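Everything below concerns the one structure shown next.
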Amino acid sequence: MPNRIEINDNSLCQINESCTLIIKSEEVNIKYDLNDGEFNVLIFNDANSNVIINDQGSITNSVVRINYLELNNFDYIQNSNVEVNKNSQLLIVSTYLGVESKKIIFDLYNLGSDSLIEITNNVICLDNADFSLDCIGTIKKGAKRSICHQKSHCLTLDNPRKARVLPVLNIDENDVEASHSLSSGTLDEEVLFYMNSRGLDKKAALGLILRSYLMPNDNYYDGFIDGDVIKELVERKVNHLC
């Protein structure tokens, strides 16, 4: 069965290893069914407008890595629903810049035995942001020896209106492993003082911090199609903000 990703009911691409989705429209419906392989998917919002993304997928006998990257100065809604079947792994890294109103929901399911879900959410909220993220992991009855781990990091800068990250675990099976962790806080004044003492003003310091979240190493996006294009877009957005 071919592995395909569809946007708005139109076949976008058949993928063997990786696929990059650069979002340009206001409302996007993404569907995927990935089987018998290893896949990298990058979903990057580059629309110049408010955006609603609904993505749903099913993973079977596969290892799938999905990166979500959202840095725009517009309202944003994301609803992600992914089912992970027997002997499959889903590894998610999401990065969001809290500007304007952003509402994200991850609804992730361990459906089969020996399935694994690991999700890491990185959030930076700027002044006057209205940000919320619900991360819901559900291990269904019969999904023995399954694993579901959640990690979320939220850094607030200036004075956001709201910065809420809510981890949730629903466990219907006994022989499983599950955890969630959340760290949140503001920029350490001592760190900012140190950076200032090395000749960096607040704007330049913020730029370095954003880059550390968005591009933790030089080859971070190399595993994706159009990785160099994404690096240039990220750098452009950081320069615009800072």
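Ligands are numbered from 1 in the order shown, chains are lettered A, B, ... in the order of the structure tokens, and residues start at 1 in each chain.
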
When you look at segment 172-184 of chain A with a cut-off of 12 Å (counting only C-alpha atoms), what residues show up, excluding the ones that are within fewer than 3 positions of it in the same chain? I need them as JSON, numbers by chain. {"A": [109, 110, 111, 112, 113, 114, 115, 116, 117, 118, 119, 120, 121, 122, 123, 124, 125, 133, 134, 135, 136, 137, 138, 139, 140, 141, 142, 143, 144, 145, 146, 147, 148, 149, 150, 151, 152, 153, 154, 155, 156, 157, 163, 164, 165, 166, 167, 168, 169, 187, 188]}

Which neighbours of segment 50-61 of chain A fall inside 10 Å, counting only C-alpha atoms, when residues of the same chain fewer than 3 positions from it are skipped, and could you give them as a ChimeraX atom specification? /A:5-8,23-38,43,45-47,64,72-90,100-109,111-112,115

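Between Ser18 of chain A and the candidates A:Ala129, A:Leu233, A:Leu69, A:Leu42, the tightest atom-to-atom separation, counting only C-alpha atoms, involves A:Leu42.
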
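When atom CA of Cys19 of chain A is paired with atom CA of Gly98 of chain A, their separation reads 25.5 Å.
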
Write out as a list in words all residues of segment 183-233 of chain A that DSSP puts in strand (DSSP E) for this structure's backbone.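 Restricting segment 183-233 of chain A to strand (DSSP E) produces Ser183, Ser184, Gly185 and Thr186 of chain A.
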
Store the residues of this selection in a file with N, CA and C atoms, as a PDB file, in the first residue's frame.
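The resulting file, again31.pdb, is shown below:
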ATOM      1  N   SER A 183       7.924  22.043  32.259  1.00  0.00           N
ATOM      2  CA  SER A 183       8.739  23.094  32.875  1.00  0.00           C
ATOM      3  C   SER A 183       8.334  24.421  32.271  1.00  0.00           C
ATOM      4  N   SER A 184       8.182  25.437  33.113  1.00  0.00           N
ATOM      5  CA  SER A 184       7.800  26.759  32.628  1.00  0.00           C
ATOM      6  C   SER A 184       8.501  27.814  33.461  1.00  0.00           C
ATOM      7  N   GLY A 185       8.720  28.959  32.853  1.00  0.00           N
ATOM      8  CA  GLY A 185       9.361  30.036  33.584  1.00  0.00           C
ATOM      9  C   GLY A 185       9.689  31.189  32.663  1.00  0.00           C
ATOM     10  N   THR A 186      10.288  32.203  33.231  1.00  0.00           N
ATOM     11  CA  THR A 186      10.690  33.390  32.485  1.00  0.00           C
ATOM     12  C   THR A 186      12.197  33.365  32.257  1.00  0.00           C
TER      13      THR A 186
END

Residues near Leu210 of chain A, anyone? I mean within 9 Å using only C-alpha atoms, not counting same-chain ones fewer than 5 positions away, as JSON, numbers by chain. {"A": [97, 124, 205, 215, 238]}

Pick from A:Ile171, A:Ile66, A:Val234, A:Ile22 nearest to Tyr213 of chain A, counting only C-alpha atoms: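 Under the stated criterion, the closest residue is A:Val234.
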
Quick one: residues within 12 Å of Lys203 of chain A, only C-alpha atoms, excluding same-chain residues fewer than 5 positions away - as a PyMOL selection string? chain A and resi 157+192+195-196+208-210+238-242

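Atom pair atom CA of Phe131 of chain A / atom CA of Lys162 of chain A: separated by 5.6 Å.
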
Would you mind listing what lies within 12 Å of Asp222 of chain A as an MDAnalysis selection string, with only C-alpha atoms counted and same-chain residues fewer than 4 positions away left out? chainID A and resid 18:20 40:42 215 217:218 226:231

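Note that DSSP on the backbone gives alpha helix (DSSP H) to these residues of segment 100-200 of chain A: Glu189, Glu190, Val191, Leu192, Phe193, Tyr194, Met195, Asn196 and Ser197 of chain A.
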